[in-house]
>>> print(open('target19.cif').read())   # mmCIF, C-alpha atoms
data_run
#
loop_
_atom_site.group_PDB
_atom_site.id
_atom_site.type_symbol
_atom_site.label_atom_id
_atom_site.label_comp_id
_atom_site.auth_asym_id
_atom_site.auth_seq_id
_atom_site.Cartn_x
_atom_site.Cartn_y
_atom_site.Cartn_z
ATOM 1 C CA MET A 1 -120.075 28.736 5.326
ATOM 2 C CA LEU A 2 -116.838 28.270 7.261
ATOM 3 C CA PHE A 3 -116.611 24.617 6.186
ATOM 4 C CA SER A 4 -117.090 25.576 2.544
ATOM 5 C CA LEU A 5 -114.388 28.238 2.822
ATOM 6 C CA LEU A 6 -111.965 25.828 4.444
ATOM 7 C CA LEU A 7 -112.617 23.173 1.830
ATOM 8 C CA LEU A 8 -112.042 25.721 -0.918
ATOM 9 C CA ILE A 9 -108.761 26.704 0.680
ATOM 10 C CA ALA A 10 -107.668 23.082 0.826
ATOM 11 C CA GLN A 11 -108.521 22.556 -2.825
ATOM 12 C CA GLN A 12 -106.823 25.746 -3.975
ATOM 13 C CA GLN A 13 -103.669 25.257 -1.958
ATOM 14 C CA THR A 14 -102.955 21.665 -2.944
ATOM 15 C CA PRO A 15 -99.192 21.518 -3.516
ATOM 16 C CA ALA A 16 -97.511 19.347 -6.092
ATOM 17 C CA ILE A 17 -96.863 16.030 -4.374
ATOM 18 C CA PRO A 18 -93.362 16.529 -3.017
ATOM 19 C CA PRO A 19 -91.002 13.655 -3.063
ATOM 20 C CA LYS A 20 -88.865 13.467 0.107
ATOM 21 C CA ALA A 21 -86.469 17.639 2.414
ATOM 22 C CA GLY A 22 -84.947 16.593 5.604
ATOM 23 C CA PRO A 23 -86.706 13.295 5.908
ATOM 24 C CA VAL A 24 -88.995 14.146 2.965
ATOM 25 C CA LEU A 25 -86.705 14.674 -0.063
ATOM 26 C CA ARG A 26 -87.791 16.715 -3.102
ATOM 27 C CA ASP A 27 -87.596 15.339 -6.656
ATOM 28 C CA ALA A 28 -84.044 16.447 -7.379
ATOM 29 C CA GLU A 29 -82.848 15.507 -3.887
ATOM 30 C CA ARG A 30 -84.379 12.072 -4.150
ATOM 31 C CA ALA A 31 -82.803 11.569 -7.559
ATOM 32 C CA ARG A 32 -79.421 12.662 -6.183
ATOM 33 C CA ALA A 33 -79.835 10.190 -3.335
ATOM 34 C CA ALA A 34 -80.534 7.430 -5.842
ATOM 35 C CA ALA A 35 -77.453 8.420 -7.821
ATOM 36 C CA ALA A 36 -75.397 8.418 -4.623
ATOM 37 C CA LYS A 37 -76.411 4.809 -4.037
ATOM 38 C CA ALA A 38 -75.001 4.071 -7.470
ATOM 39 C CA ALA A 39 -71.753 5.722 -6.400
ATOM 40 C CA ALA A 40 -71.436 3.612 -3.261
ATOM 41 C CA PRO A 41 -69.077 0.632 -3.400
ATOM 42 C CA ALA A 42 -70.822 -2.556 -4.493
ATOM 43 C CA PRO A 43 -69.843 -6.066 -3.341
ATOM 44 C CA ALA A 44 -67.586 -6.943 -6.263
ATOM 45 C CA GLY A 45 -67.161 -6.949 -9.976
ATOM 46 C CA GLU A 46 -66.226 -3.378 -10.866
ATOM 47 C CA PRO A 47 -63.061 -2.756 -12.854
ATOM 48 C CA PRO A 48 -60.355 -0.554 -11.254
ATOM 49 C CA ARG A 49 -61.248 2.327 -13.563
ATOM 50 C CA PHE A 50 -64.730 2.453 -12.078
ATOM 51 C CA THR A 51 -63.570 3.721 -8.678
ATOM 52 C CA LYS A 52 -61.516 6.501 -10.250
ATOM 53 C CA CYS A 53 -64.369 7.559 -12.494
ATOM 54 C CA MET A 54 -66.871 7.593 -9.646
ATOM 55 C CA ASP A 55 -64.539 9.688 -7.510
ATOM 56 C CA LEU A 56 -64.462 12.206 -10.347
ATOM 57 C CA ALA A 57 -68.257 12.013 -10.700
ATOM 58 C CA THR A 58 -68.669 13.388 -7.198
ATOM 59 C CA GLY A 59 -65.610 15.660 -7.066
ATOM 60 C CA ASP A 60 -65.356 16.932 -10.639
ATOM 61 C CA PRO A 61 -68.440 15.919 -12.647
ATOM 62 C CA ALA A 62 -67.304 17.651 -15.835
ATOM 63 C CA ALA A 63 -64.050 15.697 -15.855
ATOM 64 C CA ALA A 64 -65.970 12.509 -15.056
ATOM 65 C CA ILE A 65 -68.223 13.052 -18.056
ATOM 66 C CA ASP A 66 -65.203 13.348 -20.334
ATOM 67 C CA ASP A 67 -63.660 10.232 -18.829
ATOM 68 C CA ALA A 68 -66.888 8.215 -18.922
ATOM 69 C CA VAL A 69 -67.582 9.154 -22.550
ATOM 70 C CA ARG A 70 -64.083 7.958 -23.520
ATOM 71 C CA TRP A 71 -64.556 4.816 -21.469
ATOM 72 C CA THR A 72 -67.915 4.137 -23.101
ATOM 73 C CA GLY A 73 -66.212 4.325 -26.493
ATOM 74 C CA GLU A 74 -63.713 1.766 -25.226
ATOM 75 C CA LYS A 75 -66.538 -0.672 -24.412
ATOM 76 C CA GLY A 76 -66.715 0.244 -20.743
ATOM 77 C CA GLY A 77 -70.234 -1.161 -20.605
ATOM 78 C CA MET A 78 -72.601 -0.603 -17.717
ATOM 79 C CA PHE A 79 -69.916 0.749 -15.367
ATOM 80 C CA ALA A 80 -68.911 3.524 -17.762
ATOM 81 C CA ARG A 81 -72.548 4.465 -18.293
ATOM 82 C CA GLN A 82 -73.227 4.351 -14.550
ATOM 83 C CA CYS A 83 -70.374 6.760 -13.937
ATOM 84 C CA LEU A 84 -71.665 9.011 -16.705
ATOM 85 C CA ALA A 85 -75.161 8.985 -15.192
ATOM 86 C CA VAL A 86 -73.903 9.904 -11.716
ATOM 87 C CA ALA A 87 -71.799 12.730 -13.121
ATOM 88 C CA TYR A 88 -74.800 14.115 -15.003
ATOM 89 C CA ALA A 89 -76.914 13.815 -11.848
ATOM 90 C CA ASN A 90 -74.348 15.811 -9.895
ATOM 91 C CA GLN A 91 -74.731 18.575 -12.493
ATOM 92 C CA ALA A 92 -78.552 18.342 -12.221
ATOM 93 C CA ARG A 93 -78.692 17.352 -15.908
ATOM 94 C CA TRP A 94 -81.581 15.033 -15.252
ATOM 95 C CA ASP A 95 -82.577 14.082 -18.799
ATOM 96 C CA SER A 96 -79.005 13.077 -19.554
ATOM 97 C CA ALA A 97 -78.660 11.235 -16.246
ATOM 98 C CA ALA A 98 -81.876 9.296 -16.837
ATOM 99 C CA THR A 99 -80.829 8.326 -20.342
ATOM 100 C CA ALA A 100 -77.412 7.174 -19.132
ATOM 101 C CA PHE A 101 -78.967 5.101 -16.337
ATOM 102 C CA GLU A 102 -81.302 3.475 -18.873
ATOM 103 C CA GLU A 103 -78.335 2.693 -21.092
ATOM 104 C CA ALA A 104 -76.539 1.212 -18.078
ATOM 105 C CA ALA A 105 -79.600 -0.955 -17.425
ATOM 106 C CA GLY A 106 -79.542 -2.185 -20.999
ATOM 107 C CA GLU A 107 -75.840 -3.019 -20.717
ATOM 108 C CA ALA A 108 -76.480 -4.858 -17.437
ATOM 109 C CA GLU A 109 -79.271 -6.899 -19.022
ATOM 110 C CA THR A 110 -76.963 -7.846 -21.885
ATOM 111 C CA ALA A 111 -74.383 -8.921 -19.299
ATOM 112 C CA LYS A 112 -77.069 -10.994 -17.499
ATOM 113 C CA ASP A 113 -76.649 -8.889 -14.366
ATOM 114 C CA SER A 114 -80.327 -8.585 -13.500
ATOM 115 C CA LYS A 115 -79.770 -7.150 -10.029
ATOM 116 C CA ARG A 116 -77.748 -4.197 -11.268
ATOM 117 C CA ALA A 117 -80.168 -3.713 -14.149
ATOM 118 C CA ALA A 118 -83.084 -3.353 -11.723
ATOM 119 C CA THR A 119 -81.147 -0.813 -9.668
ATOM 120 C CA TYR A 120 -80.273 1.209 -12.765
ATOM 121 C CA TRP A 121 -83.911 1.239 -13.879
ATOM 122 C CA THR A 122 -85.040 2.635 -10.508
ATOM 123 C CA GLN A 123 -82.306 5.276 -10.660
ATOM 124 C CA ALA A 124 -83.431 6.181 -14.165
ATOM 125 C CA GLY A 125 -86.992 6.530 -12.878
ATOM 126 C CA ASN A 126 -85.919 8.943 -10.167
ATOM 127 C CA ALA A 127 -83.929 10.992 -12.649
ATOM 128 C CA TRP A 128 -86.925 11.180 -15.016
ATOM 129 C CA LEU A 129 -89.064 12.391 -12.111
ATOM 130 C CA ALA A 130 -86.508 15.102 -11.368
ATOM 131 C CA ALA A 131 -86.657 15.988 -15.074
ATOM 132 C CA LYS A 132 -90.455 16.382 -14.748
ATOM 133 C CA LYS A 133 -91.163 13.555 -17.195
ATOM 134 C CA PRO A 134 -93.415 11.194 -15.223
ATOM 135 C CA PRO A 135 -94.446 8.907 -18.124
ATOM 136 C CA LYS A 136 -90.794 8.069 -18.765
ATOM 137 C CA ALA A 137 -90.275 7.616 -15.027
ATOM 138 C CA GLY A 138 -93.173 5.190 -14.842
ATOM 139 C CA ALA A 139 -91.822 3.167 -17.752
ATOM 140 C CA ALA A 140 -88.381 2.903 -16.165
ATOM 141 C CA ILE A 141 -89.785 1.832 -12.810
ATOM 142 C CA ASN A 142 -92.041 -0.699 -14.536
ATOM 143 C CA ALA A 143 -88.911 -2.242 -16.009
ATOM 144 C CA ALA A 144 -87.315 -2.419 -12.558
ATOM 145 C CA LEU A 145 -90.382 -4.083 -11.053
ATOM 146 C CA ALA A 146 -90.721 -6.498 -13.960
ATOM 147 C CA SER A 147 -87.217 -7.804 -13.277
ATOM 148 C CA GLY A 148 -88.370 -9.455 -10.062
ATOM 149 C CA MET A 149 -85.033 -8.545 -8.471
ATOM 150 C CA LEU A 150 -86.202 -5.881 -6.021
ATOM 151 C CA GLN A 151 -86.960 -6.958 -2.473
ATOM 152 C CA GLY A 152 -87.883 -5.433 0.876
ATOM 153 C CA LEU A 153 -87.324 -1.705 1.228
ATOM 154 C CA ALA A 154 -86.035 -1.368 -2.348
ATOM 155 C CA LEU A 155 -89.259 -2.899 -3.627
ATOM 156 C CA GLY A 156 -91.386 -0.599 -1.484
ATOM 157 C CA GLU A 157 -89.470 2.473 -2.635
ATOM 158 C CA ALA A 158 -89.935 1.445 -6.276
ATOM 159 C CA TYR A 159 -93.696 1.239 -5.775
ATOM 160 C CA LEU A 160 -93.577 4.639 -4.105
ATOM 161 C CA ASP A 161 -91.651 6.098 -7.014
ATOM 162 C CA ARG A 162 -94.143 4.631 -9.478
ATOM 163 C CA ALA A 163 -96.945 6.171 -7.429
ATOM 164 C CA ARG A 164 -95.224 9.562 -7.652
ATOM 165 C CA ALA A 165 -95.098 9.176 -11.424
ATOM 166 C CA ALA A 166 -98.769 8.175 -11.538
ATOM 167 C CA VAL A 167 -99.876 11.135 -9.419
ATOM 168 C CA ALA A 168 -97.870 13.518 -11.593
ATOM 169 C CA SER A 169 -99.645 12.016 -14.619
ATOM 170 C CA GLY A 170 -103.105 12.313 -13.013
ATOM 171 C CA GLU A 171 -103.539 8.554 -12.647
ATOM 172 C CA ASN A 172 -104.938 8.536 -9.131
ATOM 173 C CA ALA A 173 -106.372 5.018 -9.081
ATOM 174 C CA GLY A 174 -103.085 3.434 -10.063
ATOM 175 C CA ALA A 175 -101.254 5.637 -7.611
ATOM 176 C CA ARG A 176 -103.472 4.474 -4.751
ATOM 177 C CA ALA A 177 -102.709 0.813 -5.377
ATOM 178 C CA ASP A 178 -98.969 1.471 -5.532
ATOM 179 C CA ILE A 179 -98.950 3.661 -2.422
ATOM 180 C CA ASP A 180 -100.660 0.931 -0.435
ATOM 181 C CA VAL A 181 -97.899 -1.497 -1.389
ATOM 182 C CA ALA A 182 -95.268 1.139 -0.582
ATOM 183 C CA ILE A 183 -96.746 1.699 2.871
ATOM 184 C CA ALA A 184 -96.663 -2.038 3.547
ATOM 185 C CA LYS A 185 -93.023 -2.395 2.467
ATOM 186 C CA ALA A 186 -91.518 1.047 3.139
ATOM 187 C CA GLY A 187 -93.729 2.416 5.877
ATOM 188 C CA ASP A 188 -90.884 4.200 7.659
ATOM 189 C CA ASP A 189 -90.577 6.588 4.719
ATOM 190 C CA PRO A 190 -92.660 9.672 5.593
ATOM 191 C CA LEU A 191 -93.176 10.372 1.900
ATOM 192 C CA ALA A 192 -95.313 7.265 1.569
ATOM 193 C CA TRP A 193 -97.715 8.577 4.213
ATOM 194 C CA LEU A 194 -97.621 12.150 2.888
ATOM 195 C CA LEU A 195 -98.393 11.062 -0.650
ATOM 196 C CA SER A 196 -101.130 8.748 0.603
ATOM 197 C CA ALA A 197 -102.768 11.498 2.664
ATOM 198 C CA THR A 198 -102.707 14.007 -0.177
ATOM 199 C CA LEU A 199 -104.116 11.513 -2.646
ATOM 200 C CA ALA A 200 -106.853 10.463 -0.215
ATOM 201 C CA ARG A 201 -107.873 14.092 0.270
ATOM 202 C CA ARG A 202 -107.987 14.652 -3.454
ATOM 203 C CA MET A 203 -110.164 11.560 -3.817
ATOM 204 C CA ASN A 204 -112.506 12.816 -1.047
ATOM 205 C CA ASP A 205 -111.555 10.064 1.387
ATOM 206 C CA LEU A 206 -111.159 12.321 4.419
ATOM 207 C CA PRO A 207 -110.866 9.578 7.088
ATOM 208 C CA ARG A 208 -107.964 8.009 5.195
ATOM 209 C CA ALA A 209 -106.358 11.423 4.666
ATOM 210 C CA GLN A 210 -106.586 12.212 8.385
ATOM 211 C CA LYS A 211 -105.153 8.845 9.381
ATOM 212 C CA ASP A 212 -102.255 8.997 6.945
ATOM 213 C CA ILE A 213 -101.244 12.600 7.545
ATOM 214 C CA ALA A 214 -101.051 11.767 11.248
ATOM 215 C CA GLU A 215 -98.548 9.030 10.368
ATOM 216 C CA ALA A 216 -96.544 11.461 8.245
ATOM 217 C CA VAL A 217 -96.472 13.981 11.102
ATOM 218 C CA LYS A 218 -95.186 11.282 13.469
ATOM 219 C CA ARG A 219 -92.246 10.651 11.162
ATOM 220 C CA ALA A 220 -91.502 14.135 9.829
ATOM 221 C CA GLY A 221 -93.510 16.672 11.773
ATOM 222 C CA ASP A 222 -90.938 19.424 11.239
ATOM 223 C CA ASP A 223 -91.092 19.148 7.453
ATOM 224 C CA ALA A 224 -92.835 22.012 5.638
ATOM 225 C CA ALA A 225 -94.513 19.773 3.068
ATOM 226 C CA VAL A 226 -95.956 17.558 5.795
ATOM 227 C CA GLN A 227 -97.313 20.510 7.772
ATOM 228 C CA LEU A 228 -98.775 22.099 4.642
ATOM 229 C CA GLU A 229 -100.721 18.937 3.927
ATOM 230 C CA ALA A 230 -101.713 18.649 7.588
ATOM 231 C CA GLY A 231 -103.278 22.090 7.231
ATOM 232 C CA ASN A 232 -105.004 21.102 4.006
ATOM 233 C CA VAL A 233 -106.476 17.995 5.592
ATOM 234 C CA ALA A 234 -107.605 19.941 8.649
ATOM 235 C CA ALA A 235 -109.239 22.507 6.361
ATOM 236 C CA ALA A 236 -111.019 19.787 4.416
ATOM 237 C CA GLY A 237 -112.418 18.526 7.718
ATOM 238 C CA GLY A 238 -113.632 21.973 8.796
ATOM 239 C CA ASP A 239 -110.990 22.360 11.503
ATOM 240 C CA GLU A 240 -110.082 26.052 11.192
ATOM 241 C CA ALA A 241 -107.800 26.121 14.245
ATOM 242 C CA GLY A 242 -105.928 23.023 13.158
ATOM 243 C CA ALA A 243 -105.475 24.334 9.622
ATOM 244 C CA LYS A 244 -104.144 27.685 10.843
ATOM 245 C CA ALA A 245 -101.771 26.044 13.305
ATOM 246 C CA ALA A 246 -100.306 23.733 10.678
ATOM 247 C CA TRP A 247 -99.929 26.456 8.046
ATOM 248 C CA ASN A 248 -98.194 28.742 10.555
ATOM 249 C CA LYS A 249 -95.775 25.905 11.316
ATOM 250 C CA VAL A 250 -94.941 25.753 7.606
ATOM 251 C CA ILE A 251 -93.999 29.443 7.591
ATOM 252 C CA ALA A 252 -91.957 29.102 10.777
ATOM 253 C CA ALA A 253 -90.109 26.015 9.512
ATOM 254 C CA ALA A 254 -89.306 27.153 5.969
ATOM 255 C CA PRO A 255 -90.235 30.823 5.446
ATOM 256 C CA GLY A 256 -88.749 31.091 1.952
ATOM 257 C CA SER A 257 -90.124 27.831 0.566
ATOM 258 C CA PRO A 258 -92.909 27.253 -1.975
ATOM 259 C CA GLN A 259 -94.829 25.530 0.814
ATOM 260 C CA ALA A 260 -94.650 28.716 2.907
ATOM 261 C CA SER A 261 -96.013 30.723 -0.024
ATOM 262 C CA ALA A 262 -98.953 28.333 -0.267
ATOM 263 C CA ALA A 263 -99.509 28.526 3.493
ATOM 264 C CA ARG A 264 -99.494 32.339 3.440
ATOM 265 C CA ALA A 265 -102.035 32.345 0.631
ATOM 266 C CA ALA A 266 -104.268 30.050 2.650
ATOM 267 C CA LEU A 267 -103.927 32.087 5.825
ATOM 268 C CA ALA A 268 -104.611 35.327 3.936
ATOM 269 C CA GLN A 269 -108.193 34.153 3.459
ATOM 270 C CA PHE A 270 -108.707 34.496 7.202
ATOM 271 C CA ASP A 271 -108.722 37.655 9.296
ATOM 272 C CA THR A 272 -105.868 36.317 11.411
ATOM 273 C CA ALA A 273 -102.471 37.459 10.168
ATOM 274 C CA PRO A 274 -99.990 34.677 9.348
ATOM 275 C CA ALA A 275 -96.745 34.236 11.170
ATOM 276 C CA LYS A 276 -93.860 36.348 9.916
#
>>> encode(input="target19.cif", output="structure tokens")
Amino acid sequence: MLFSLLLLIAQQQTPAIPPKAGPVLRDAERARAAAAKAAAPAPAGEPPRFTKCMDLATGDPAAAIDDAVRWTGEKGGMFARQCLAVAYANQARWDSAATAFEEAAGEAETAKDSKRAATYWTQAGNAWLAAKKPPKAGAAINAALASGMLQGLALGEAYLDRARAAVASGENAGARADIDVAIAKAGDDPLAWLLSATLARRMNDLPRAQKDIAEAVKRAGDDAAVQLEAGNVAAAGGDEAGAKAAWNKVIAAAPGSPQASAARAALAQFDTAPAK
């Protein structure tokens, strides 16, 4: 009976797969991080106006939008659209940011700058994920991968982002294949292990879930999302003490978070009172 109760708790308290807080940022935070990479100085090739526009995009996004729109009308190309996208991202206007990044990618492809185009497509994918539009995110990341320009960590992160889009769309089989590639190429990212563990639990592969959540805990054991999933996996395995311990860590680490609310709901099904 206890095992059945614990399994029910794990199923009921499954959180939305969180993209990476602290080391594991959430959707919007991950998209902002991607936009920040776009704002970083690149090796060469940007016009002088680009630096000024990007400074505005981080310091005064509204002014940057005005400037970038004017610049776009003056045939500013991919750099104007990149600046516009970053400014929108800094206002959390994710649909607009994603669209602008896609337009920047198109401009880069026209200019035969395949490397920048691939980067813009991945940034568009992250913005679409923050906008809660996973099919559009998947399409953008597919375009980035199809370019053949991503390598190493960037390639692994793109597979991870496509897996996030697949999970959000309920495409578990495709997500599993992409997560495995992400783990091979971006295994230091705790999100890869967290997403893998959660997906394995949902697919009733408990040994894989236990193995992968342990890896996530190694890398980000103080993160609420990681501890919430650690509790879910422990519950699925019938480990009441382990589940309680992990869920109480969630509440202690981030008492006002959605993960803490889920942990309290799980703990409420036991006689033991949760941590305050």
>>> resolve_selection(input="target19.cif", expression="the PyMOL selection byres ((chain A and resi 242-246) around 7)", output="list of chain:residue names")
A:Gln227, A:Leu228, A:Ala230, A:Gly231, A:Asn232, A:Ala234, A:Ala235, A:Asp239, A:Glu240, A:Ala241, A:Trp247, A:Asn248, A:Lys249, A:Val250, A:Leu267
>>> closest_residue(input="target19.cif", among="A:Ala89, A:Met203, A:Ala262, A:Ala192", to="Ala130 of chain A", atoms="all atoms listed in the file")
A:Ala89
>>> residues_around(input="target19.cif", residues="segment 159-176 of chain A", least_positions_apart="4", cutoff="7 Å", atoms="only C-alpha atoms", output="list of chain:residue names")
A:Leu129, A:Pro134, A:Pro135, A:Ala137, A:Gly138, A:Ile141, A:Leu155, A:Asp180, A:Val181, A:Ala182, A:Ala192
>>> axis_aligned_box(input="target19.cif", around="segment 78-94 of chain A", padding_each_side="6 Å", output="JSON")
{"center_x": -75.2, "center_y": 9.0, "center_z": -14.1, "size_x": 24.7, "size_y": 31.2, "size_z": 20.4}
>>> residues_near_point(input="target19.cif", point="(-74.2, 6.6, -17.5)", cutoff="9 Å", atoms="all atoms listed in the file", output="list of chain:residue names")
A:Ile65, A:Ala68, A:Val69, A:Thr72, A:Met78, A:Phe79, A:Ala80, A:Arg81, A:Gln82, A:Cys83, A:Leu84, A:Ala85, A:Val86, A:Ala87, A:Tyr88, A:Ser96, A:Ala97, A:Ala98, A:Thr99, A:Ala100, A:Phe101, A:Glu102, A:Glu103, A:Ala104
>>> resolve_selection(input="target19.cif", expression="the PyMOL selection byres ((chain A and resi 253-258) around 8)", output="count of residues only")
12
